[in-house]
Amino acid sequence: MTQERTKCGVVAVLGAPNAGKSTLVNQLVGQKVAITSAKAQTTRARMMGIALHGDTQMILVDTPGIFAPKRRLDRAMVSAAWEGAEAADALLLLVDPLKQRRHELEPLLEQIAARPERKILVLNKVDRAKKEPLLALAQELTGKVGFETVYFVSALTGDGVDEMKDALAAMMPEGAWMYPEDQVSDASERLLATEITREQLYQQLHEELPYDSAVRPEKYIQRKDGSVEIHQQIVVMRDNQRMIVLGKGGSRIKAIGQAAREELSELLGQKVHLFLHVKTDERWSEDKEMFEEMGLDWKS
């Protein structure tokens with residue numbers, strides 16, 4: 001593919017927490033690159049997906065949901081979101097019309113209204129939302145921000161996503177591709193492995209475990225037999241949380257490990273040996289090294 005004919009650009013995917021950003025990025029890429037969860041704020045770092053569309057490569061910056069930050073971890077996540085929006089060729093604002101989350105959506109609209117990037121409004125969950133309120137919401141939001149176009153999609157089913165992908169590709173500037181054709185994410189396999197385990201923590205423990213948990217990579221060893229050995233540490237803030245993660249007789253951590261291992265084997269295309277252990281550290285969210293491991297900048 002010659003350089004003259006190729007296009008390459010950056011699309012920042014913004015939205016209130018839990019709007020469906022990770023699901024949409026996975027849909028655009030055509031495979032899983034970002035973790036999804038029913039819990040808000042699961043995306044912590046700027047996990048990128050790389051989507052191809054004909055001669056166009058789009059770098060999708062899946063930003064953490066923007067919300068009012070209270071703790072250092074929150075401040076780092078919000079900062080990462082805005083950094084992800086800088087240098088973008090297009091801003092995509094994803095809105096959940098069912099949950100709207102006005103207290104988070106309104107400040108976001110104010111902040112992007114003044115930004116110079118080309119903007120697209122995407123209303124998600126059309127498979128579940130009623131048509132009249134959806135159109136009214138689109139009209140209201142376009143009155144507040146100069147969106148070039150509005151798309152109605154279902155990130156879950158893929159409805160409307162192809163049409164939106166066409167429009168995004170058309171916005172990208174000419175230039176050489178930044179990544180090889182077969183690369184779908186900039187996340188290292190080591191980081192992706194921790195994200196998959198973290199997703200299982202959220203899925204299996206639901207409301208029992210708050211955000212006071214993290215997964216740290218310890219070892220990532222390619223074995224001679226073609227399999228990979230992965231060691232990870234699950235860090236929680238209190239001993240009772242540690243007991244929740246372990247489960248009765250270690251049953252919960254075994255289930256988390258098994259589900260994560262199966263998904264990782266499929267993603268990496270090789271046999272995975274996953275070893276998990278749980279540690280209590282009430283100050284982990286004040287640990288600079290840990291932030292860097294999660295791809296976040298330390299904010300004082």
# chains A, B, ... in the order shown; residues from 1 in each chain; ligands from 1
>>> residues_around(residues="Thr149 of chain A", least_positions_apart="3", cutoff="12 Å", atoms="only C-alpha atoms", output="ChimeraX atom specification")
/A:90-93,118-123,138-139,141-142,145-146,152,163-164,167-168,171
>>> write_last_selection(atoms="C-alpha atoms", output="tab-separated table (two decimals), in the first residue's frame")
chain	number	residue	atom	x	y	z
A	90	ALA	CA	-12.13	13.77	15.42
A	91	LEU	CA	-13.96	13.71	18.74
A	92	LEU	CA	-16.71	11.15	19.10
A	93	LEU	CA	-19.12	11.80	21.96
A	118	ARG	CA	-14.38	17.90	14.28
A	119	LYS	CA	-17.10	16.40	16.41
A	120	ILE	CA	-19.53	13.52	15.94
A	121	LEU	CA	-22.44	12.73	18.24
A	122	VAL	CA	-23.26	9.05	18.65
A	123	LEU	CA	-26.41	7.99	20.49
A	138	ALA	CA	-30.21	14.50	19.34
A	139	GLN	CA	-31.79	17.87	18.52
A	141	LEU	CA	-27.47	18.15	22.10
A	142	THR	CA	-26.68	19.43	18.60
A	145	VAL	CA	-22.38	21.71	20.46
A	146	GLY	CA	-21.51	22.04	16.78
A	152	PHE	CA	-27.76	6.27	16.08
A	163	GLU	CA	-22.18	3.80	8.54
A	164	MET	CA	-20.52	5.71	11.37
A	167	ALA	CA	-17.92	8.82	8.19
A	168	LEU	CA	-15.00	8.63	10.62
A	171	MET	CA	-12.52	12.58	8.28
>>> residues_around(residues="segment 4-15 of chain A", least_positions_apart="4", cutoff="6 Å", atoms="only C-alpha atoms", output="list in words")
Asp55, Thr56, Gln57, Met58, Ile59, Leu60, Val61, Asp62, Gly65, Ala85, Ala88, Asp89, Ala90, Leu91, Leu92, Leu93, Leu94, Met172, Pro173, Glu174, Gly175, Ala176 and Trp177 of chain A
>>> atom_distance(atom1="atom CA of Arg223 of chain A", atom2="atom CA of Leu274 of chain A")
12.7 Å
>>> residues_around(residues="Pro107 of chain A", least_positions_apart="2", cutoff="12 Å", atoms="only C-alpha atoms", output="PDB file with all heavy atoms, in the first residue's frame")
ATOM      1  N   GLY A  15     -17.176  10.297  26.601  1.00  0.00           N
ATOM      2  CA  GLY A  15     -18.533  10.069  27.096  1.00  0.00           C
ATOM      3  C   GLY A  15     -18.551   9.941  28.599  1.00  0.00           C
ATOM      4  O   GLY A  15     -17.516   9.755  29.226  1.00  0.00           O
ATOM      5  N   ALA A  16     -19.735  10.046  29.172  1.00  0.00           N
ATOM      6  CA  ALA A  16     -19.889   9.848  30.618  1.00  0.00           C
ATOM      7  C   ALA A  16     -19.566   8.385  30.932  1.00  0.00           C
ATOM      8  O   ALA A  16     -19.601   7.537  30.045  1.00  0.00           O
ATOM      9  CB  ALA A  16     -21.312  10.192  31.048  1.00  0.00           C
ATOM     10  N   ILE A  66     -15.402  10.561  31.670  1.00  0.00           N
ATOM     11  CA  ILE A  66     -15.072  11.817  32.336  1.00  0.00           C
ATOM     12  C   ILE A  66     -16.131  12.099  33.398  1.00  0.00           C
ATOM     13  O   ILE A  66     -17.328  12.072  33.133  1.00  0.00           O
ATOM     14  CB  ILE A  66     -14.970  12.946  31.300  1.00  0.00           C
ATOM     15  CG1 ILE A  66     -13.727  12.676  30.435  1.00  0.00           C
ATOM     16  CG2 ILE A  66     -14.914  14.300  31.960  1.00  0.00           C
ATOM     17  CD1 ILE A  66     -13.499  13.637  29.327  1.00  0.00           C
ATOM     18  N   PHE A  67     -15.676  12.327  34.602  1.00  0.00           N
ATOM     19  CA  PHE A  67     -16.589  12.507  35.736  1.00  0.00           C
ATOM     20  C   PHE A  67     -15.909  13.428  36.736  1.00  0.00           C
ATOM     21  O   PHE A  67     -14.770  13.822  36.550  1.00  0.00           O
ATOM     22  CB  PHE A  67     -16.903  11.151  36.384  1.00  0.00           C
ATOM     23  CG  PHE A  67     -15.671  10.362  36.753  1.00  0.00           C
ATOM     24  CD1 PHE A  67     -15.145  10.412  38.033  1.00  0.00           C
ATOM     25  CD2 PHE A  67     -15.007   9.599  35.787  1.00  0.00           C
ATOM     26  CE1 PHE A  67     -13.992   9.718  38.355  1.00  0.00           C
ATOM     27  CE2 PHE A  67     -13.846   8.900  36.109  1.00  0.00           C
ATOM     28  CZ  PHE A  67     -13.342   8.962  37.391  1.00  0.00           C
ATOM     29  N   ALA A  68     -16.621  13.826  37.783  1.00  0.00           N
ATOM     30  CA  ALA A  68     -16.042  14.727  38.774  1.00  0.00           C
ATOM     31  C   ALA A  68     -15.056  13.945  39.646  1.00  0.00           C
ATOM     32  O   ALA A  68     -15.453  13.061  40.396  1.00  0.00           O
ATOM     33  CB  ALA A  68     -17.141  15.325  39.633  1.00  0.00           C
ATOM     34  N   ARG A 101     -27.123  10.361  32.351  1.00  0.00           N
ATOM     35  CA  ARG A 101     -26.149  10.845  33.352  1.00  0.00           C
ATOM     36  C   ARG A 101     -25.858  12.342  33.153  1.00  0.00           C
ATOM     37  O   ARG A 101     -24.726  12.755  32.916  1.00  0.00           O
ATOM     38  CB  ARG A 101     -24.857  10.023  33.282  1.00  0.00           C
ATOM     39  CG  ARG A 101     -25.072   8.554  33.613  1.00  0.00           C
ATOM     40  CD  ARG A 101     -23.803   7.752  33.480  1.00  0.00           C
ATOM     41  NE  ARG A 101     -22.876   8.005  34.567  1.00  0.00           N
ATOM     42  CZ  ARG A 101     -22.631   7.167  35.556  1.00  0.00           C
ATOM     43  NH1 ARG A 101     -23.248   6.014  35.623  1.00  0.00           N
ATOM     44  NH2 ARG A 101     -21.766   7.465  36.496  1.00  0.00           N
ATOM     45  N   ARG A 102     -26.928  13.129  33.240  1.00  0.00           N
ATOM     46  CA  ARG A 102     -26.851  14.564  32.936  1.00  0.00           C
ATOM     47  C   ARG A 102     -25.778  15.310  33.734  1.00  0.00           C
ATOM     48  O   ARG A 102     -25.145  16.229  33.237  1.00  0.00           O
ATOM     49  CB  ARG A 102     -28.212  15.222  33.180  1.00  0.00           C
ATOM     50  CG  ARG A 102     -29.233  14.884  32.112  1.00  0.00           C
ATOM     51  CD  ARG A 102     -28.923  15.632  30.837  1.00  0.00           C
ATOM     52  NE  ARG A 102     -29.807  15.290  29.747  1.00  0.00           N
ATOM     53  CZ  ARG A 102     -30.021  16.076  28.701  1.00  0.00           C
ATOM     54  NH1 ARG A 102     -29.409  17.236  28.604  1.00  0.00           N
ATOM     55  NH2 ARG A 102     -30.813  15.693  27.741  1.00  0.00           N
ATOM     56  N   HIS A 103     -25.599  14.910  34.992  1.00  0.00           N
ATOM     57  CA  HIS A 103     -24.632  15.624  35.837  1.00  0.00           C
ATOM     58  C   HIS A 103     -23.211  15.466  35.293  1.00  0.00           C
ATOM     59  O   HIS A 103     -22.340  16.295  35.559  1.00  0.00           O
ATOM     60  CB  HIS A 103     -24.708  15.130  37.286  1.00  0.00           C
ATOM     61  CG  HIS A 103     -24.446  13.674  37.452  1.00  0.00           C
ATOM     62  ND1 HIS A 103     -25.263  12.703  36.901  1.00  0.00           N
ATOM     63  CD2 HIS A 103     -23.444  12.998  38.098  1.00  0.00           C
ATOM     64  CE1 HIS A 103     -24.786  11.507  37.200  1.00  0.00           C
ATOM     65  NE2 HIS A 103     -23.688  11.659  37.914  1.00  0.00           N
ATOM     66  N   GLU A 104     -22.972  14.419  34.507  1.00  0.00           N
ATOM     67  CA  GLU A 104     -21.652  14.228  33.903  1.00  0.00           C
ATOM     68  C   GLU A 104     -21.641  14.652  32.435  1.00  0.00           C
ATOM     69  O   GLU A 104     -20.622  15.082  31.912  1.00  0.00           O
ATOM     70  CB  GLU A 104     -21.229  12.764  34.024  1.00  0.00           C
ATOM     71  CG  GLU A 104     -20.776  12.419  35.422  1.00  0.00           C
ATOM     72  CD  GLU A 104     -21.067  10.983  35.821  1.00  0.00           C
ATOM     73  OE1 GLU A 104     -21.985  10.357  35.275  1.00  0.00           O
ATOM     74  OE2 GLU A 104     -20.359  10.489  36.703  1.00  0.00           O
ATOM     75  N   LEU A 105     -22.779  14.549  31.790  1.00  0.00           N
ATOM     76  CA  LEU A 105     -22.869  14.892  30.375  1.00  0.00           C
ATOM     77  C   LEU A 105     -22.784  16.398  30.133  1.00  0.00           C
ATOM     78  O   LEU A 105     -22.082  16.859  29.227  1.00  0.00           O
ATOM     79  CB  LEU A 105     -24.177  14.334  29.794  1.00  0.00           C
ATOM     80  CG  LEU A 105     -24.422  14.534  28.295  1.00  0.00           C
ATOM     81  CD1 LEU A 105     -23.306  13.908  27.463  1.00  0.00           C
ATOM     82  CD2 LEU A 105     -25.778  13.953  27.901  1.00  0.00           C
ATOM     83  N   LEU A 109     -20.278  18.452  27.630  1.00  0.00           N
ATOM     84  CA  LEU A 109     -20.747  19.223  26.468  1.00  0.00           C
ATOM     85  C   LEU A 109     -20.126  20.622  26.467  1.00  0.00           C
ATOM     86  O   LEU A 109     -19.674  21.120  25.433  1.00  0.00           O
ATOM     87  CB  LEU A 109     -22.280  19.342  26.486  1.00  0.00           C
ATOM     88  CG  LEU A 109     -23.057  18.054  26.200  1.00  0.00           C
ATOM     89  CD1 LEU A 109     -24.514  18.210  26.594  1.00  0.00           C
ATOM     90  CD2 LEU A 109     -22.939  17.649  24.728  1.00  0.00           C
ATOM     91  N   GLU A 110     -20.077  21.234  27.649  1.00  0.00           N
ATOM     92  CA  GLU A 110     -19.487  22.584  27.764  1.00  0.00           C
ATOM     93  C   GLU A 110     -18.020  22.569  27.363  1.00  0.00           C
ATOM     94  O   GLU A 110     -17.545  23.461  26.661  1.00  0.00           O
ATOM     95  CB  GLU A 110     -19.605  23.101  29.211  1.00  0.00           C
ATOM     96  CG  GLU A 110     -20.998  23.572  29.573  1.00  0.00           C
ATOM     97  CD  GLU A 110     -21.132  23.831  31.070  1.00  0.00           C
ATOM     98  OE1 GLU A 110     -20.116  24.229  31.692  1.00  0.00           O
ATOM     99  OE2 GLU A 110     -22.232  23.617  31.624  1.00  0.00           O
ATOM    100  N   GLN A 111     -17.310  21.526  27.819  1.00  0.00           N
ATOM    101  CA  GLN A 111     -15.873  21.473  27.547  1.00  0.00           C
ATOM    102  C   GLN A 111     -15.555  21.188  26.080  1.00  0.00           C
ATOM    103  O   GLN A 111     -14.626  21.753  25.528  1.00  0.00           O
ATOM    104  CB  GLN A 111     -15.205  20.436  28.449  1.00  0.00           C
ATOM    105  CG  GLN A 111     -15.062  20.941  29.881  1.00  0.00           C
ATOM    106  CD  GLN A 111     -14.490  19.867  30.789  1.00  0.00           C
ATOM    107  OE1 GLN A 111     -15.141  18.888  31.092  1.00  0.00           O
ATOM    108  NE2 GLN A 111     -13.265  20.060  31.237  1.00  0.00           N
ATOM    109  N   ILE A 112     -16.347  20.327  25.430  1.00  0.00           N
ATOM    110  CA  ILE A 112     -16.009  20.018  24.041  1.00  0.00           C
ATOM    111  C   ILE A 112     -16.554  21.056  23.062  1.00  0.00           C
ATOM    112  O   ILE A 112     -16.080  21.162  21.943  1.00  0.00           O
ATOM    113  CB  ILE A 112     -16.448  18.598  23.606  1.00  0.00           C
ATOM    114  CG1 ILE A 112     -17.965  18.436  23.612  1.00  0.00           C
ATOM    115  CG2 ILE A 112     -15.774  17.535  24.429  1.00  0.00           C
ATOM    116  CD1 ILE A 112     -18.408  17.116  23.006  1.00  0.00           C
ATOM    117  N   ALA A 113     -17.547  21.864  23.506  1.00  0.00           N
ATOM    118  CA  ALA A 113     -18.142  22.877  22.614  1.00  0.00           C
ATOM    119  C   ALA A 113     -17.078  23.823  22.073  1.00  0.00           C
ATOM    120  O   ALA A 113     -17.125  24.240  20.916  1.00  0.00           O
ATOM    121  CB  ALA A 113     -19.229  23.651  23.349  1.00  0.00           C
ATOM    122  N   ALA A 114     -16.111  24.166  22.929  1.00  0.00           N
ATOM    123  CA  ALA A 114     -15.091  25.151  22.539  1.00  0.00           C
ATOM    124  C   ALA A 114     -13.872  24.520  21.848  1.00  0.00           C
ATOM    125  O   ALA A 114     -12.981  25.223  21.409  1.00  0.00           O
ATOM    126  CB  ALA A 114     -14.637  25.904  23.790  1.00  0.00           C
ATOM    127  N   LYS A 144     -26.420  22.484  21.446  1.00  0.00           N
ATOM    128  CA  LYS A 144     -25.422  22.942  22.424  1.00  0.00           C
ATOM    129  C   LYS A 144     -23.989  22.880  21.891  1.00  0.00           C
ATOM    130  O   LYS A 144     -23.119  23.622  22.331  1.00  0.00           O
ATOM    131  CB  LYS A 144     -25.513  22.083  23.698  1.00  0.00           C
ATOM    132  CG  LYS A 144     -26.821  22.270  24.442  1.00  0.00           C
ATOM    133  CD  LYS A 144     -26.861  21.430  25.704  1.00  0.00           C
ATOM    134  CE  LYS A 144     -28.163  21.697  26.460  1.00  0.00           C
ATOM    135  NZ  LYS A 144     -28.252  20.971  27.710  1.00  0.00           N
ATOM    136  N   VAL A 145     -23.736  21.929  20.995  1.00  0.00           N
ATOM    137  CA  VAL A 145     -22.384  21.711  20.464  1.00  0.00           C
ATOM    138  C   VAL A 145     -22.490  21.575  18.944  1.00  0.00           C
ATOM    139  O   VAL A 145     -23.436  20.985  18.435  1.00  0.00           O
ATOM    140  CB  VAL A 145     -21.764  20.411  21.048  1.00  0.00           C
ATOM    141  CG1 VAL A 145     -20.414  20.106  20.411  1.00  0.00           C
ATOM    142  CG2 VAL A 145     -21.607  20.521  22.559  1.00  0.00           C
TER     143      VAL A 145
END
>>> residues_around(residues="Arg216 of chain A", least_positions_apart="4", cutoff="7 Å", atoms="only C-alpha atoms", output="compact mmCIF listing (two decimals) with C-alpha atoms, in the first residue's frame")
# COMPACT_ATOMS: atom_id res chain seq x y z
CA THR A 194 -4.18 -7.77 33.67
CA GLN A 232 -0.56 -11.55 38.63
CA GLN A 233 -1.30 -9.95 41.96
CA ILE A 234 -4.82 -8.78 42.85
>>> atom_distance(atom1="atom CA of Lys219 of chain A", atom2="atom CA of Gln241 of chain A")
23.8 Å
>>> decode(residues="segment 252-279 of chain A", atoms="N, CA, C and O atoms", output="mmCIF file, in the first residue's frame")
data_model
loop_
_atom_site.group_PDB
_atom_site.id
_atom_site.type_symbol
_atom_site.label_atom_id
_atom_site.label_comp_id
_atom_site.auth_asym_id
_atom_site.auth_seq_id
_atom_site.Cartn_x
_atom_site.Cartn_y
_atom_site.Cartn_z
ATOM 1 N N ARG A 252 -13.768 -18.717 44.672
ATOM 2 C CA ARG A 252 -13.991 -17.534 43.839
ATOM 3 C C ARG A 252 -12.758 -17.196 42.986
ATOM 4 O O ARG A 252 -12.868 -16.971 41.792
ATOM 5 N N ILE A 253 -11.593 -17.193 43.615
ATOM 6 C CA ILE A 253 -10.395 -16.840 42.843
ATOM 7 C C ILE A 253 -10.107 -17.906 41.779
ATOM 8 O O ILE A 253 -9.614 -17.616 40.693
ATOM 9 N N LYS A 254 -10.481 -19.141 42.078
ATOM 10 C CA LYS A 254 -10.303 -20.223 41.106
ATOM 11 C C LYS A 254 -11.193 -19.975 39.876
ATOM 12 O O LYS A 254 -10.755 -20.123 38.734
ATOM 13 N N ALA A 255 -12.436 -19.557 40.132
ATOM 14 C CA ALA A 255 -13.379 -19.275 39.031
ATOM 15 C C ALA A 255 -12.921 -18.068 38.212
ATOM 16 O O ALA A 255 -13.006 -18.076 36.979
ATOM 17 N N ILE A 256 -12.427 -17.033 38.899
ATOM 18 C CA ILE A 256 -11.920 -15.832 38.210
ATOM 19 C C ILE A 256 -10.739 -16.222 37.322
ATOM 20 O O ILE A 256 -10.658 -15.850 36.153
ATOM 21 N N GLY A 257 -9.821 -16.998 37.904
ATOM 22 C CA GLY A 257 -8.629 -17.428 37.175
ATOM 23 C C GLY A 257 -8.964 -18.282 35.959
ATOM 24 O O GLY A 257 -8.391 -18.114 34.888
ATOM 25 N N GLN A 258 -9.919 -19.185 36.134
ATOM 26 C CA GLN A 258 -10.291 -20.077 35.035
ATOM 27 C C GLN A 258 -10.901 -19.298 33.862
ATOM 28 O O GLN A 258 -10.538 -19.502 32.702
ATOM 29 N N ALA A 259 -11.823 -18.372 34.176
ATOM 30 C CA ALA A 259 -12.480 -17.583 33.121
ATOM 31 C C ALA A 259 -11.460 -16.687 32.410
ATOM 32 O O ALA A 259 -11.469 -16.568 31.182
ATOM 33 N N ALA A 260 -10.578 -16.051 33.196
ATOM 34 C CA ALA A 260 -9.556 -15.173 32.602
ATOM 35 C C ALA A 260 -8.593 -15.982 31.736
ATOM 36 O O ALA A 260 -8.204 -15.558 30.646
ATOM 37 N N ARG A 261 -8.220 -17.159 32.218
ATOM 38 C CA ARG A 261 -7.274 -18.014 31.476
ATOM 39 C C ARG A 261 -7.859 -18.452 30.129
ATOM 40 O O ARG A 261 -7.184 -18.413 29.106
ATOM 41 N N GLU A 262 -9.133 -18.842 30.141
ATOM 42 C CA GLU A 262 -9.774 -19.285 28.900
ATOM 43 C C GLU A 262 -9.824 -18.154 27.874
ATOM 44 O O GLU A 262 -9.537 -18.345 26.702
ATOM 45 N N GLU A 263 -10.178 -16.959 28.343
ATOM 46 C CA GLU A 263 -10.270 -15.828 27.420
ATOM 47 C C GLU A 263 -8.886 -15.436 26.896
ATOM 48 O O GLU A 263 -8.721 -15.130 25.720
ATOM 49 N N LEU A 264 -7.900 -15.450 27.788
ATOM 50 C CA LEU A 264 -6.535 -15.112 27.372
ATOM 51 C C LEU A 264 -5.982 -16.107 26.362
ATOM 52 O O LEU A 264 -5.327 -15.724 25.393
ATOM 53 N N SER A 265 -6.269 -17.387 26.567
ATOM 54 C CA SER A 265 -5.803 -18.424 25.631
ATOM 55 C C SER A 265 -6.346 -18.143 24.234
ATOM 56 O O SER A 265 -5.635 -18.246 23.240
ATOM 57 N N GLU A 266 -7.620 -17.737 24.203
ATOM 58 C CA GLU A 266 -8.263 -17.448 22.917
ATOM 59 C C GLU A 266 -7.667 -16.195 22.277
ATOM 60 O O GLU A 266 -7.366 -16.160 21.084
ATOM 61 N N LEU A 267 -7.471 -15.155 23.091
ATOM 62 C CA LEU A 267 -6.936 -13.888 22.584
ATOM 63 C C LEU A 267 -5.496 -14.018 22.104
ATOM 64 O O LEU A 267 -5.119 -13.482 21.072
ATOM 65 N N LEU A 268 -4.677 -14.732 22.875
ATOM 66 C CA LEU A 268 -3.249 -14.841 22.564
ATOM 67 C C LEU A 268 -2.946 -15.981 21.593
ATOM 68 O O LEU A 268 -1.859 -16.056 21.033
ATOM 69 N N GLY A 269 -3.918 -16.869 21.424
ATOM 70 C CA GLY A 269 -3.711 -17.994 20.514
ATOM 71 C C GLY A 269 -2.688 -18.991 21.023
ATOM 72 O O GLY A 269 -1.979 -19.637 20.246
ATOM 73 N N GLN A 270 -2.557 -19.114 22.333
ATOM 74 C CA GLN A 270 -1.633 -20.087 22.918
ATOM 75 C C GLN A 270 -2.151 -20.516 24.294
ATOM 76 O O GLN A 270 -2.986 -19.839 24.884
ATOM 77 N N LYS A 271 -1.651 -21.635 24.765
ATOM 78 C CA LYS A 271 -2.057 -22.118 26.089
ATOM 79 C C LYS A 271 -1.528 -21.150 27.153
ATOM 80 O O LYS A 271 -0.388 -20.693 27.079
ATOM 81 N N VAL A 272 -2.370 -20.877 28.147
ATOM 82 C CA VAL A 272 -1.991 -19.934 29.200
ATOM 83 C C VAL A 272 -2.023 -20.627 30.565
ATOM 84 O O VAL A 272 -2.984 -21.326 30.895
ATOM 85 N N HIS A 273 -0.970 -20.449 31.344
ATOM 86 C CA HIS A 273 -0.928 -20.886 32.747
ATOM 87 C C HIS A 273 -1.007 -19.603 33.574
ATOM 88 O O HIS A 273 -0.086 -18.794 33.559
ATOM 89 N N LEU A 274 -2.140 -19.400 34.260
ATOM 90 C CA LEU A 274 -2.353 -18.149 35.000
ATOM 91 C C LEU A 274 -2.315 -18.404 36.501
ATOM 92 O O LEU A 274 -3.024 -19.267 37.010
ATOM 93 N N PHE A 275 -1.462 -17.647 37.182
ATOM 94 C CA PHE A 275 -1.323 -17.785 38.641
ATOM 95 C C PHE A 275 -1.714 -16.459 39.293
ATOM 96 O O PHE A 275 -1.107 -15.416 39.031
ATOM 97 N N LEU A 276 -2.744 -16.505 40.147
ATOM 98 C CA LEU A 276 -3.232 -15.299 40.816
ATOM 99 C C LEU A 276 -3.031 -15.409 42.325
ATOM 100 O O LEU A 276 -3.212 -16.476 42.897
ATOM 101 N N HIS A 277 -2.640 -14.301 42.942
ATOM 102 C CA HIS A 277 -2.696 -14.276 44.412
ATOM 103 C C HIS A 277 -3.178 -12.906 44.859
ATOM 104 O O HIS A 277 -3.075 -11.926 44.128
ATOM 105 N N VAL A 278 -3.753 -12.859 46.050
ATOM 106 C CA VAL A 278 -4.404 -11.633 46.531
ATOM 107 C C VAL A 278 -3.611 -11.028 47.677
ATOM 108 O O VAL A 278 -3.202 -11.725 48.603
ATOM 109 N N LYS A 279 -3.436 -9.711 47.608
ATOM 110 C CA LYS A 279 -2.683 -9.005 48.640
ATOM 111 C C LYS A 279 -3.519 -7.831 49.155
ATOM 112 O O LYS A 279 -4.230 -7.182 48.378
#
